[in-house]
Amino acid sequence: MTTTAQLLDWSPRAVVFDCDGTLMDSERHWQEARNLAFREFGLQAPPGFAEQAKGVHYADCGRLMAESVHKPELTDGLTAALLDHFLELVTDDPVTMPGAAHLVRLLAGRMPLAVASNCPMVVVEGSLERAGLRAYFQHIVVPDTGDAEVRPKPWPDVYALAARLCGVPPEETLAVEDSLTGVEAARTAGLRVLGVGPRPPGDGAERADLWLPSLHTPELLTWAEAH
């Protein structure tokens with residue numbers, strides 16, 4: 001893994017942020033939505049399922065939910081319930097992650113900013129709009145953006161397209177991620193990766209160039225102010 005000094009001595013030409021758990025404090029909403037969807041069908045989430053589902057596209061998550069309780073026939077129903085519950089929760093309580101708004105505002109105008117998310121466009125657009133951040137991002141990329149077939153993370157498509165829309169080579173673009181699913185997508189697309197949030201178990205954090213506890217880490221804000 002790159003040291004803090006090594007990554008923060010580098011100046012990207014664009015930054016692409018994940019949304020859930022990175023910009024918006026919505027991972028807790030996904031977890032609650034999963035629990036509500038399970039309960040709606042008289043089921044209970046298996047131990048450890050929350051970590052397994054983190055960062056996974058909601059359609060894939062619905063399939064994982066059904067498989068985890070050995071009821072694949074419930075895939076469509078659980079997927080629909082998951083999205084319905086999440087949309088209700090996130091609409092009622094949109095909250096940004098600590099330091100996210102400040103960091104975005106520091107970087108805005110200095111370089112292109114984009115969002116690459118596994119969430120539906122209506123969720124990302126709505127969350128950022130309610131948080132007062134939508135205007136800072138030139139591009140938002142989600143699976144199946146426009147006419148192109150854009151696969152969800154951990155495929156690299158959302159990050160590769162985001163860098164291309166910003167007009168910057170992937171190797172000159174920084175991805176900011178909180179999940180190993182997203183880190184893998186960004187790395188495969190050729191971006192450098194800053195991981196943020198609780199350090200994942202095992203050696204997963206080593207997949208990122210650098211892992212910091214939050215977006216309001218003083219050295220990160222100092223870097224943003226300087227660059």
# chains A, B, ... in the order shown; residues from 1 in each chain; ligands from 1
$ residues_around --residues "Gly132 of chain A" --least-positions-apart "3" --cutoff "12 Å" --atoms "only C-alpha atoms" --output "number ranges by chain"
A: 23-24, 94-96, 100-102, 104-105, 125-129, 135-137
$ write_last_selection --atoms "N, CA and C atoms" --output "short mmCIF file (atom, residue, chain, number, x, y, z; two decimals), in the first residue's frame"
data_model
loop_
_atom_site.label_atom_id
_atom_site.label_comp_id
_atom_site.auth_asym_id
_atom_site.auth_seq_id
_atom_site.Cartn_x
_atom_site.Cartn_y
_atom_site.Cartn_z
N LEU A 23 -19.85 9.40 0.15
CA LEU A 23 -20.41 10.75 0.23
C LEU A 23 -21.63 10.80 1.15
N MET A 24 -22.50 9.82 1.00
CA MET A 24 -23.75 9.81 1.76
C MET A 24 -23.74 8.69 2.80
N PRO A 94 -31.65 11.94 4.53
CA PRO A 94 -30.41 12.06 3.77
C PRO A 94 -29.32 12.74 4.61
N VAL A 95 -28.22 12.05 4.85
CA VAL A 95 -27.14 12.58 5.68
C VAL A 95 -25.82 12.34 4.96
N THR A 96 -24.94 13.36 4.93
CA THR A 96 -23.63 13.19 4.32
C THR A 96 -22.66 12.56 5.32
N ALA A 100 -17.45 14.92 4.02
CA ALA A 100 -17.70 14.76 2.58
C ALA A 100 -18.02 16.09 1.90
N ALA A 101 -18.95 16.84 2.45
CA ALA A 101 -19.36 18.09 1.81
C ALA A 101 -18.19 19.07 1.75
N HIS A 102 -17.42 19.15 2.82
CA HIS A 102 -16.29 20.09 2.86
C HIS A 102 -15.24 19.71 1.81
N VAL A 104 -15.63 17.92 -0.98
CA VAL A 104 -16.16 18.15 -2.33
C VAL A 104 -16.08 19.63 -2.69
N ARG A 105 -16.44 20.49 -1.76
CA ARG A 105 -16.41 21.93 -2.05
C ARG A 105 -14.99 22.44 -2.22
N GLU A 125 -28.97 10.86 -7.64
CA GLU A 125 -29.36 12.24 -7.92
C GLU A 125 -30.12 12.86 -6.75
N GLY A 126 -31.10 12.12 -6.24
CA GLY A 126 -31.92 12.64 -5.16
C GLY A 126 -31.13 12.88 -3.89
N SER A 127 -30.25 11.94 -3.53
CA SER A 127 -29.46 12.07 -2.32
C SER A 127 -28.53 13.28 -2.40
N LEU A 128 -27.84 13.42 -3.51
CA LEU A 128 -26.91 14.53 -3.66
C LEU A 128 -27.64 15.87 -3.73
N GLU A 129 -28.80 15.89 -4.37
CA GLU A 129 -29.58 17.13 -4.46
C GLU A 129 -30.02 17.58 -3.07
N ALA A 135 -24.68 19.95 -7.62
CA ALA A 135 -24.12 20.91 -8.58
C ALA A 135 -22.61 20.83 -8.70
N TYR A 136 -21.95 20.18 -7.77
CA TYR A 136 -20.49 20.10 -7.81
C TYR A 136 -19.97 18.98 -8.72
N PHE A 137 -20.85 18.10 -9.17
CA PHE A 137 -20.42 16.94 -9.96
C PHE A 137 -20.83 17.12 -11.42
#
$ select_by_dssp --residues "segment 17-166 of chain A" --states "strand (DSSP E or B)" --output "PyMOL selection string"
chain A and resi 17+20+24+96+108+111+113-116+139-141
$ residues_around --residues "Val158 of chain A" --least-positions-apart "2" --cutoff "12 Å" --atoms "only C-alpha atoms" --output "VMD selection string"
chain A and resid 16 to 18 57 114 to 119 139 to 146 148 to 156 160 to 165 170 175 182 to 191
$ residues_around --residues "Leu210 of chain A" --least-positions-apart "2" --cutoff "12 Å" --atoms "only C-alpha atoms" --output "PyMOL selection string"
chain A and resi 1-8+174-178+183+192-197+199+204-208+212-214+220
$ write_last_selection --atoms "C-alpha atoms" --output "PDB file, in the first residue's frame"
ATOM      1  CA  MET A   1       0.000   0.000   0.000  1.00  0.00           C
ATOM      2  CA  THR A   2       1.123   3.539  -0.750  1.00  0.00           C
ATOM      3  CA  THR A   3       2.062   5.646   2.259  1.00  0.00           C
ATOM      4  CA  THR A   4       0.005   8.708   3.140  1.00  0.00           C
ATOM      5  CA  ALA A   5       2.778  10.999   1.958  1.00  0.00           C
ATOM      6  CA  GLN A   6       3.164   9.184  -1.368  1.00  0.00           C
ATOM      7  CA  LEU A   7      -0.489   9.371  -2.387  1.00  0.00           C
ATOM      8  CA  LEU A   8      -1.088  12.857  -1.035  1.00  0.00           C
ATOM      9  CA  LEU A 174      -8.405   9.282  -8.090  1.00  0.00           C
ATOM     10  CA  ALA A 175     -11.265   7.074  -6.908  1.00  0.00           C
ATOM     11  CA  VAL A 176     -12.635   7.506  -3.380  1.00  0.00           C
ATOM     12  CA  GLU A 177     -14.296   4.365  -2.018  1.00  0.00           C
ATOM     13  CA  ASP A 178     -15.502   2.786   1.220  1.00  0.00           C
ATOM     14  CA  VAL A 183     -11.960  -0.601  -4.630  1.00  0.00           C
ATOM     15  CA  ARG A 192      -5.601   5.096  -8.049  1.00  0.00           C
ATOM     16  CA  VAL A 193      -7.794   4.476  -5.001  1.00  0.00           C
ATOM     17  CA  LEU A 194      -8.282   6.168  -1.646  1.00  0.00           C
ATOM     18  CA  GLY A 195     -10.217   3.956   0.764  1.00  0.00           C
ATOM     19  CA  VAL A 196     -12.140   5.659   3.568  1.00  0.00           C
ATOM     20  CA  GLY A 197     -14.062   4.532   6.631  1.00  0.00           C
ATOM     21  CA  ARG A 199     -10.654  -0.486   7.869  1.00  0.00           C
ATOM     22  CA  GLY A 204      -8.526  -6.064   2.099  1.00  0.00           C
ATOM     23  CA  ALA A 205      -7.386  -2.497   2.706  1.00  0.00           C
ATOM     24  CA  GLU A 206      -4.120  -3.302   0.958  1.00  0.00           C
ATOM     25  CA  ARG A 207      -6.035  -3.276  -2.328  1.00  0.00           C
ATOM     26  CA  ALA A 208      -6.353   0.507  -2.031  1.00  0.00           C
ATOM     27  CA  LEU A 212      -7.932   6.673   5.844  1.00  0.00           C
ATOM     28  CA  PRO A 213     -10.526   6.590   8.639  1.00  0.00           C
ATOM     29  CA  SER A 214     -12.698   9.384   7.199  1.00  0.00           C
ATOM     30  CA  LEU A 220      -6.590  14.828   3.449  1.00  0.00           C
TER      31      LEU A 220
END
$ residues_around --residues "Val69 of chain A" --least-positions-apart "2" --cutoff "10 Å" --atoms "only C-alpha atoms" --output "list in words"
Phe38, Leu43, Gln44, Ala45, Pro46, Leu64, Met65, Ala66, Glu67, Lys71, Pro72 and Leu74 of chain A
$ write_last_selection --atoms "N, CA and C atoms" --output "short mmCIF file (atom, residue, chain, number, x, y, z; two decimals), in the first residue's frame"
data_model
loop_
_atom_site.label_atom_id
_atom_site.label_comp_id
_atom_site.auth_asym_id
_atom_site.auth_seq_id
_atom_site.Cartn_x
_atom_site.Cartn_y
_atom_site.Cartn_z
N PHE A 38 -36.20 -8.76 4.44
CA PHE A 38 -36.20 -10.12 4.98
C PHE A 38 -37.45 -10.35 5.84
N LEU A 43 -38.43 -13.76 7.05
CA LEU A 43 -37.08 -14.31 7.08
C LEU A 43 -36.17 -13.44 7.95
N GLN A 44 -34.98 -13.93 8.20
CA GLN A 44 -34.00 -13.19 8.99
C GLN A 44 -32.65 -13.25 8.28
N ALA A 45 -31.93 -12.12 8.28
CA ALA A 45 -30.62 -12.09 7.63
C ALA A 45 -29.66 -13.04 8.32
N PRO A 46 -28.93 -13.86 7.58
CA PRO A 46 -27.94 -14.75 8.20
C PRO A 46 -26.80 -13.95 8.83
N LEU A 64 -28.51 -12.37 -3.73
CA LEU A 64 -27.74 -12.90 -2.60
C LEU A 64 -28.63 -13.16 -1.39
N MET A 65 -29.58 -12.25 -1.17
CA MET A 65 -30.51 -12.42 -0.05
C MET A 65 -31.29 -13.72 -0.20
N ALA A 66 -31.81 -13.94 -1.41
CA ALA A 66 -32.60 -15.15 -1.65
C ALA A 66 -31.74 -16.40 -1.50
N GLU A 67 -30.52 -16.34 -2.05
CA GLU A 67 -29.64 -17.49 -1.96
C GLU A 67 -29.20 -17.76 -0.54
N LYS A 71 -33.74 -19.74 -0.77
CA LYS A 71 -35.04 -19.56 -1.42
C LYS A 71 -34.86 -18.73 -2.69
N PRO A 72 -34.19 -19.29 -3.71
CA PRO A 72 -33.92 -18.52 -4.93
C PRO A 72 -35.19 -18.02 -5.62
N LEU A 74 -37.44 -16.40 -4.39
CA LEU A 74 -37.83 -15.10 -3.82
C LEU A 74 -36.96 -13.95 -4.34
#
$ closest_residue --among "A:Ala53, A:Ala226, A:Leu113, A:Leu180" --to "Arg13 of chain A" --atoms "only C-alpha atoms"
A:Leu113
$ select_by_dssp --residues "segment 33-62 of chain A" --states "helix (DSSP H, G or I)" --output "ChimeraX atom specification"
/A:33-40,49-53,58-62
$ closest_residue --among "A:Asp209, A:Pro218, A:Pro12, A:His85" --to "Arg110 of chain A" --atoms "only C-alpha atoms"
A:Pro12
$ atom_distance --atom1 "atom CA of Trp30 of chain A" --atom2 "atom CA of Gly77 of chain A"
16.2 Å
$ atom_distance --atom1 "atom CA of His29 of chain A" --atom2 "atom CA of Cys61 of chain A"
13.9 Å
$ residues_around --residues "Gly62 of chain A" --least-positions-apart "2" --cutoff "6 Å" --atoms "only C-alpha atoms" --output "list in words"
Ala59, Asp60, Leu64, Met65, Thr75, Leu78 and Thr79 of chain A
$ atom_distance --atom1 "atom CA of His70 of chain A" --atom2 "atom CA of Gly202 of chain A"
27.7 Å
